[in-house]
Amino acid sequence: MKKLLVLAIVLSTLLIGCSQSTDKKVLKVLVSADFPPYESIDTDGTFIGFDIDFGNAIAEKMGVEFQWVDTSFAGIIAALQANSGDLAISGMSVTPEREEAVDFSDVYKVEGETFTVLALATKGLSTADDLSGLIGSAQIGTVQEQALNILKTDLSLTVDIRDKYDVIVQEIIIGRIDFLLVDAAVAAEFVVAYPELSSFTLQHTSLAAINGIGVAMPEGSDLKEDVNKAIAEMKADGSLQALIDKWFNN
């Protein structure tokens, strides 16, 4: 009986040790989940979208688990600087200003239509000149906000920046805001949801520099090398392109 008890204790200890040895490191990943198809929250509370699939894929390649934390986009940089998150994966364009505050991975998606105008179809907007004198909006802290501020003088814009895309869209529908400047894929999602809206790609010489999006992290993060390795592997094995096709090329 004693031998059986000792054997049971030994086996239990071994199993616990094995369980502990296979536990994955959990990284806190910040995301502003109001940016479909990049990231949003499903009706059951699940995070979904291109960035979520992409992030979970690189987590698997890194041998870690991601804990997704919904965060105001405008607060992501500050949160990383305060080490309140390990990474941020949230459709974040790599800009010189942001690179002064945080580190970025290699670009994992190149943006071709970063500046897309979303407005009521009845307004008939189709060119930059059509925006002259109007009230334009973007999400606070985004590259689109920077673009509006660049265009403000040339187009005599009134800039009304908000924190959430769904709020801006409702303001457009009731006529308080004339247009939203946003990524093309996001604009397409809203056009499907609200058929009274339409969009066009904004062309303007002052917006010539279009940047890709990357994974943001605190300056000096020791995760950068592993993240870049995972991104390179996804590019090489075709899984990154498969995700782009899944979420953007339908």
# chains A, B, ... in the order shown; residues from 1 in each chain; ligands from 1
call {"tool": "residues_around", "arguments": {"residues": "Lys61 of chain A", "least_positions_apart": "2", "cutoff": "9 Å", "atoms": "only C-alpha atoms", "output": "ChimeraX atom specification"}}
result
/A:56-59,63-64,226-227,229-230,233-234
call {"tool": "residues_around", "arguments": {"residues": "segment 85-95 of chain A", "least_positions_apart": "5", "cutoff": "8 Å", "atoms": "only C-alpha atoms", "output": "list in words"}}
result
Leu27, Lys28, Val29, Leu30, Val31, Ser32, Ala33, Tyr38, Glu39, Asp51, Ile52, Gly55, Phe73, Ile76, Ala79, Leu80, Phe104, Val107, Thr142, Val143, Asn211, Gly212, Ile213, Gly214, Val215, Ala216, Met217 and Pro218 of chain A
call {"tool": "write_last_selection", "arguments": {"atoms": "N, CA and C atoms", "output": "compact mmCIF listing (two decimals), in the first residue's frame"}}
result
# COMPACT_ATOMS: atom_id res chain seq x y z
N LEU A 27 1.43 37.10 -23.35
CA LEU A 27 1.77 38.49 -23.65
C LEU A 27 0.50 39.31 -23.77
N LYS A 28 0.51 40.51 -23.21
CA LYS A 28 -0.63 41.41 -23.29
C LYS A 28 -0.53 42.21 -24.59
N VAL A 29 -1.53 42.05 -25.45
CA VAL A 29 -1.52 42.70 -26.76
C VAL A 29 -2.67 43.71 -26.83
N LEU A 30 -2.33 44.97 -27.07
CA LEU A 30 -3.32 46.04 -27.12
C LEU A 30 -3.93 46.15 -28.52
N VAL A 31 -5.23 46.35 -28.56
CA VAL A 31 -5.94 46.45 -29.83
C VAL A 31 -7.15 47.37 -29.64
N SER A 32 -7.40 48.21 -30.63
CA SER A 32 -8.60 49.05 -30.61
C SER A 32 -9.64 48.36 -31.48
N ALA A 33 -10.54 47.62 -30.84
CA ALA A 33 -11.40 46.68 -31.56
C ALA A 33 -12.65 47.33 -32.13
N TYR A 38 -10.04 44.83 -39.77
CA TYR A 38 -8.79 44.58 -39.04
C TYR A 38 -9.07 43.96 -37.67
N GLU A 39 -9.95 44.60 -36.91
CA GLU A 39 -10.27 44.08 -35.57
C GLU A 39 -11.62 44.62 -35.11
N ASP A 51 -6.17 41.40 -38.08
CA ASP A 51 -5.09 41.53 -37.11
C ASP A 51 -5.16 40.45 -36.03
N ILE A 52 -6.37 40.03 -35.67
CA ILE A 52 -6.52 38.99 -34.65
C ILE A 52 -5.98 37.67 -35.18
N GLY A 55 -2.21 38.05 -35.48
CA GLY A 55 -1.56 38.02 -34.18
C GLY A 55 -1.52 36.62 -33.58
N PHE A 73 -7.60 53.61 -29.31
CA PHE A 73 -6.47 53.74 -30.22
C PHE A 73 -5.56 54.89 -29.81
N ILE A 76 -2.95 53.87 -27.12
CA ILE A 76 -2.06 52.72 -27.29
C ILE A 76 -0.59 53.09 -27.11
N ALA A 79 0.24 53.73 -23.55
CA ALA A 79 0.19 52.48 -22.78
C ALA A 79 1.47 51.67 -22.98
N LEU A 80 1.96 51.64 -24.21
CA LEU A 80 3.22 50.94 -24.49
C LEU A 80 4.39 51.63 -23.79
N PHE A 104 8.81 49.48 -33.78
CA PHE A 104 7.91 48.77 -34.68
C PHE A 104 8.60 47.54 -35.26
N VAL A 107 7.16 45.79 -41.51
CA VAL A 107 5.81 45.98 -42.02
C VAL A 107 5.21 44.63 -42.40
N THR A 142 -4.79 58.56 -35.32
CA THR A 142 -4.52 57.79 -36.53
C THR A 142 -3.75 58.61 -37.56
N VAL A 143 -3.22 57.91 -38.56
CA VAL A 143 -2.53 58.59 -39.64
C VAL A 143 -3.52 59.44 -40.44
N ASN A 211 2.39 54.75 -45.72
CA ASN A 211 3.19 53.78 -44.97
C ASN A 211 2.43 52.48 -44.75
N GLY A 212 3.18 51.43 -44.50
CA GLY A 212 2.58 50.15 -44.16
C GLY A 212 2.26 50.10 -42.67
N ILE A 213 1.70 48.99 -42.24
CA ILE A 213 1.37 48.82 -40.83
C ILE A 213 2.29 47.78 -40.19
N GLY A 214 2.57 48.00 -38.91
CA GLY A 214 3.47 47.10 -38.20
C GLY A 214 3.00 46.84 -36.79
N VAL A 215 3.68 45.94 -36.11
CA VAL A 215 3.42 45.63 -34.70
C VAL A 215 4.21 46.63 -33.86
N ALA A 216 3.52 47.33 -32.97
CA ALA A 216 4.20 48.30 -32.11
C ALA A 216 4.55 47.65 -30.77
N MET A 217 5.60 48.17 -30.14
CA MET A 217 6.05 47.62 -28.85
C MET A 217 6.87 48.69 -28.12
N PRO A 218 7.05 48.55 -26.82
CA PRO A 218 7.86 49.52 -26.09
C PRO A 218 9.26 49.61 -26.67
call {"tool": "closest_atom_pairs", "arguments": {"of": "segment 60-155 of chain A", "to": "segment 179-189 of chain A", "cutoff": "7 Å", "atoms": "only C-alpha atoms", "output": "Markdown table"}}
result
| residue | atom | partner | partner_atom | distance |
| --- | --- | --- | --- | --- |
| A:Glu113 | CA | A:Ala184 | CA | 5.5 |
| A:Thr114 | CA | A:Asp183 | CA | 4.4 |
| A:Phe115 | CA | A:Val182 | CA | 5.6 |
| A:Thr116 | CA | A:Val182 | CA | 5.2 |
| A:Val117 | CA | A:Leu181 | CA | 4.8 |
| A:Leu118 | CA | A:Leu180 | CA | 5.1 |
| A:Ala119 | CA | A:Phe179 | CA | 4.6 |
| A:Ile135 | CA | A:Phe179 | CA | 6.7 |
| A:Gly136 | CA | A:Phe179 | CA | 5.0 |
| A:Ser137 | CA | A:Leu180 | CA | 4.8 |
| A:Ala138 | CA | A:Leu181 | CA | 5.4 |
| A:Gln144 | CA | A:Leu181 | CA | 5.9 |
call {"tool": "residues_around", "arguments": {"residues": "segment 123-133 of chain A", "least_positions_apart": "2", "cutoff": "8 Å", "atoms": "only C-alpha atoms", "output": "VMD selection string"}}
result
chain A and resid 119 to 121 135 155 to 158 199 to 200 202 to 204
call {"tool": "write_last_selection", "arguments": {"atoms": "N, CA and C atoms", "output": "mmCIF file, in the first residue's frame"}}
result
data_model
loop_
_atom_site.group_PDB
_atom_site.id
_atom_site.type_symbol
_atom_site.label_atom_id
_atom_site.label_comp_id
_atom_site.auth_asym_id
_atom_site.auth_seq_id
_atom_site.Cartn_x
_atom_site.Cartn_y
_atom_site.Cartn_z
ATOM 1 N N ALA A 119 -18.751 59.102 -46.874
ATOM 2 C CA ALA A 119 -19.748 60.169 -46.696
ATOM 3 C C ALA A 119 -21.111 59.692 -47.190
ATOM 4 N N LEU A 120 -22.127 60.483 -46.940
ATOM 5 C CA LEU A 120 -23.442 60.185 -47.491
ATOM 6 C C LEU A 120 -23.372 60.236 -49.015
ATOM 7 N N ALA A 121 -23.948 59.226 -49.658
ATOM 8 C CA ALA A 121 -23.915 59.170 -51.119
ATOM 9 C C ALA A 121 -24.591 60.384 -51.742
ATOM 10 N N ILE A 135 -16.844 69.624 -43.083
ATOM 11 C CA ILE A 135 -16.410 69.137 -41.770
ATOM 12 C C ILE A 135 -15.937 67.696 -41.927
ATOM 13 N N LEU A 155 -7.774 72.893 -48.043
ATOM 14 C CA LEU A 155 -9.171 72.621 -48.382
ATOM 15 C C LEU A 155 -10.164 73.357 -47.484
ATOM 16 N N SER A 156 -9.656 74.252 -46.646
ATOM 17 C CA SER A 156 -10.516 75.017 -45.720
ATOM 18 C C SER A 156 -11.422 74.089 -44.908
ATOM 19 N N LEU A 157 -10.841 73.038 -44.387
ATOM 20 C CA LEU A 157 -11.611 72.040 -43.638
ATOM 21 C C LEU A 157 -11.837 72.464 -42.194
ATOM 22 N N THR A 158 -12.961 72.033 -41.663
ATOM 23 C CA THR A 158 -13.171 72.042 -40.218
ATOM 24 C C THR A 158 -12.936 70.604 -39.757
ATOM 25 N N SER A 199 -18.026 55.863 -50.851
ATOM 26 C CA SER A 199 -16.628 56.215 -50.567
ATOM 27 C C SER A 199 -15.837 56.432 -51.848
ATOM 28 N N PHE A 200 -14.721 57.132 -51.704
ATOM 29 C CA PHE A 200 -13.771 57.265 -52.808
ATOM 30 C C PHE A 200 -12.365 57.435 -52.238
ATOM 31 N N LEU A 202 -9.011 59.230 -51.737
ATOM 32 C CA LEU A 202 -8.578 60.626 -51.770
ATOM 33 C C LEU A 202 -7.184 60.737 -52.367
ATOM 34 N N GLN A 203 -7.060 61.533 -53.408
ATOM 35 C CA GLN A 203 -5.770 61.787 -54.041
ATOM 36 C C GLN A 203 -5.376 63.239 -53.784
ATOM 37 N N HIS A 204 -4.187 63.426 -53.204
ATOM 38 C CA HIS A 204 -3.703 64.789 -52.973
ATOM 39 C C HIS A 204 -2.181 64.740 -52.883
#
call {"tool": "closest_residue", "arguments": {"among": "A:Thr46, A:Asn228, A:Ser40, A:Gln146", "to": "Asp166 of chain A", "atoms": "only C-alpha atoms"}}
result
A:Ser40
call {"tool": "closest_residue", "arguments": {"among": "A:Gln241, A:Gln81, A:Gln139, A:Thr153", "to": "Asp103 of chain A", "atoms": "only C-alpha atoms"}}
result
A:Gln81
call {"tool": "select_by_dssp", "arguments": {"residues": "segment 61-170 of chain A", "states": "alpha helix (DSSP H)", "output": "list in words"}}
result
Lys61, Met62, Ile76, Ile77, Ala78, Ala79, Leu80, Gln81, Pro96, Glu97, Arg98, Glu99, Val143, Gln144, Glu145, Gln146, Ala147, Leu148, Asn149, Ile150, Leu151, Tyr165, Asp166, Val167, Ile168, Val169 and Gln170 of chain A
call {"tool": "select_by_dssp", "arguments": {"residues": "segment 9-162 of chain A", "states": "strand (DSSP E or B)", "output": "MDAnalysis selection string"}}
result
chainID A and resid 25:31 34:35 39:41 47:48 64:70 87:88 93 103:104 109 116:120 135:137 139 158:159 162
call {"tool": "residues_around", "arguments": {"residues": "Phe50 of chain A", "least_positions_apart": "2", "cutoff": "9 Å", "atoms": "only C-alpha atoms", "output": "PDB file with N, CA and C atoms, in the first residue's frame"}}
result
ATOM      1  N   PRO A  36     -13.129  47.234 -38.136  1.00  0.00           N
ATOM      2  CA  PRO A  36     -13.304  46.096 -39.044  1.00  0.00           C
ATOM      3  C   PRO A  36     -12.868  46.463 -40.459  1.00  0.00           C
ATOM      4  N   PRO A  37     -12.276  45.536 -41.234  1.00  0.00           N
ATOM      5  CA  PRO A  37     -12.080  44.116 -40.914  1.00  0.00           C
ATOM      6  C   PRO A  37     -10.766  43.808 -40.192  1.00  0.00           C
ATOM      7  N   TYR A  38     -10.040  44.835 -39.767  1.00  0.00           N
ATOM      8  CA  TYR A  38      -8.791  44.576 -39.041  1.00  0.00           C
ATOM      9  C   TYR A  38      -9.068  43.961 -37.669  1.00  0.00           C
ATOM     10  N   GLU A  39      -9.951  44.600 -36.906  1.00  0.00           N
ATOM     11  CA  GLU A  39     -10.270  44.075 -35.574  1.00  0.00           C
ATOM     12  C   GLU A  39     -11.618  44.617 -35.113  1.00  0.00           C
ATOM     13  N   ILE A  48     -12.317  39.383 -33.351  1.00  0.00           N
ATOM     14  CA  ILE A  48     -12.222  38.836 -34.700  1.00  0.00           C
ATOM     15  C   ILE A  48     -11.572  39.857 -35.622  1.00  0.00           C
ATOM     16  N   ILE A  52      -6.368  40.027 -35.671  1.00  0.00           N
ATOM     17  CA  ILE A  52      -6.516  38.992 -34.649  1.00  0.00           C
ATOM     18  C   ILE A  52      -5.980  37.668 -35.176  1.00  0.00           C
ATOM     19  N   ASP A  53      -6.379  37.303 -36.399  1.00  0.00           N
ATOM     20  CA  ASP A  53      -5.860  36.070 -37.010  1.00  0.00           C
ATOM     21  C   ASP A  53      -4.349  36.145 -37.174  1.00  0.00           C
ATOM     22  N   PHE A  54      -3.884  37.297 -37.650  1.00  0.00           N
ATOM     23  CA  PHE A  54      -2.436  37.491 -37.835  1.00  0.00           C
ATOM     24  C   PHE A  54      -1.710  37.371 -36.502  1.00  0.00           C
ATOM     25  N   GLY A  55      -2.211  38.049 -35.485  1.00  0.00           N
ATOM     26  CA  GLY A  55      -1.564  38.016 -34.178  1.00  0.00           C
ATOM     27  C   GLY A  55      -1.525  36.622 -33.582  1.00  0.00           C
ATOM     28  N   LEU A 243      -4.155  35.248 -45.251  1.00  0.00           N
ATOM     29  CA  LEU A 243      -4.992  36.043 -44.352  1.00  0.00           C
ATOM     30  C   LEU A 243      -5.421  37.350 -45.021  1.00  0.00           C
ATOM     31  N   ILE A 244      -4.514  37.965 -45.769  1.00  0.00           N
ATOM     32  CA  ILE A 244      -4.856  39.189 -46.497  1.00  0.00           C
ATOM     33  C   ILE A 244      -5.964  38.903 -47.505  1.00  0.00           C
ATOM     34  N   LYS A 246      -8.130  36.479 -47.334  1.00  0.00           N
ATOM     35  CA  LYS A 246      -9.347  36.136 -46.587  1.00  0.00           C
ATOM     36  C   LYS A 246     -10.123  37.379 -46.187  1.00  0.00           C
ATOM     37  N   TRP A 247      -9.429  38.398 -45.693  1.00  0.00           N
ATOM     38  CA  TRP A 247     -10.109  39.542 -45.099  1.00  0.00           C
ATOM     39  C   TRP A 247     -10.286  40.738 -46.029  1.00  0.00           C
ATOM     40  N   PHE A 248      -9.484  40.808 -47.128  1.00  0.00           N
ATOM     41  CA  PHE A 248      -9.507  42.028 -47.936  1.00  0.00           C
ATOM     42  C   PHE A 248      -9.799  41.796 -49.419  1.00  0.00           C
TER      43      PHE A 248
END
call {"tool": "atom_distance", "arguments": {"atom1": "atom CA of Gly238 of chain A", "atom2": "atom CA of Met62 of chain A"}}
result
17.1 Å
call {"tool": "closest_residue", "arguments": {"among": "A:Tyr194, A:Ile161, A:Val26, A:Ser105", "to": "Ile231 of chain A", "atoms": "only C-alpha atoms"}}
result
A:Ser105
call {"tool": "atom_distance", "arguments": {"atom1": "atom CA of Ala101 of chain A", "atom2": "atom CA of Thr71 of chain A"}}
result
17.6 Å
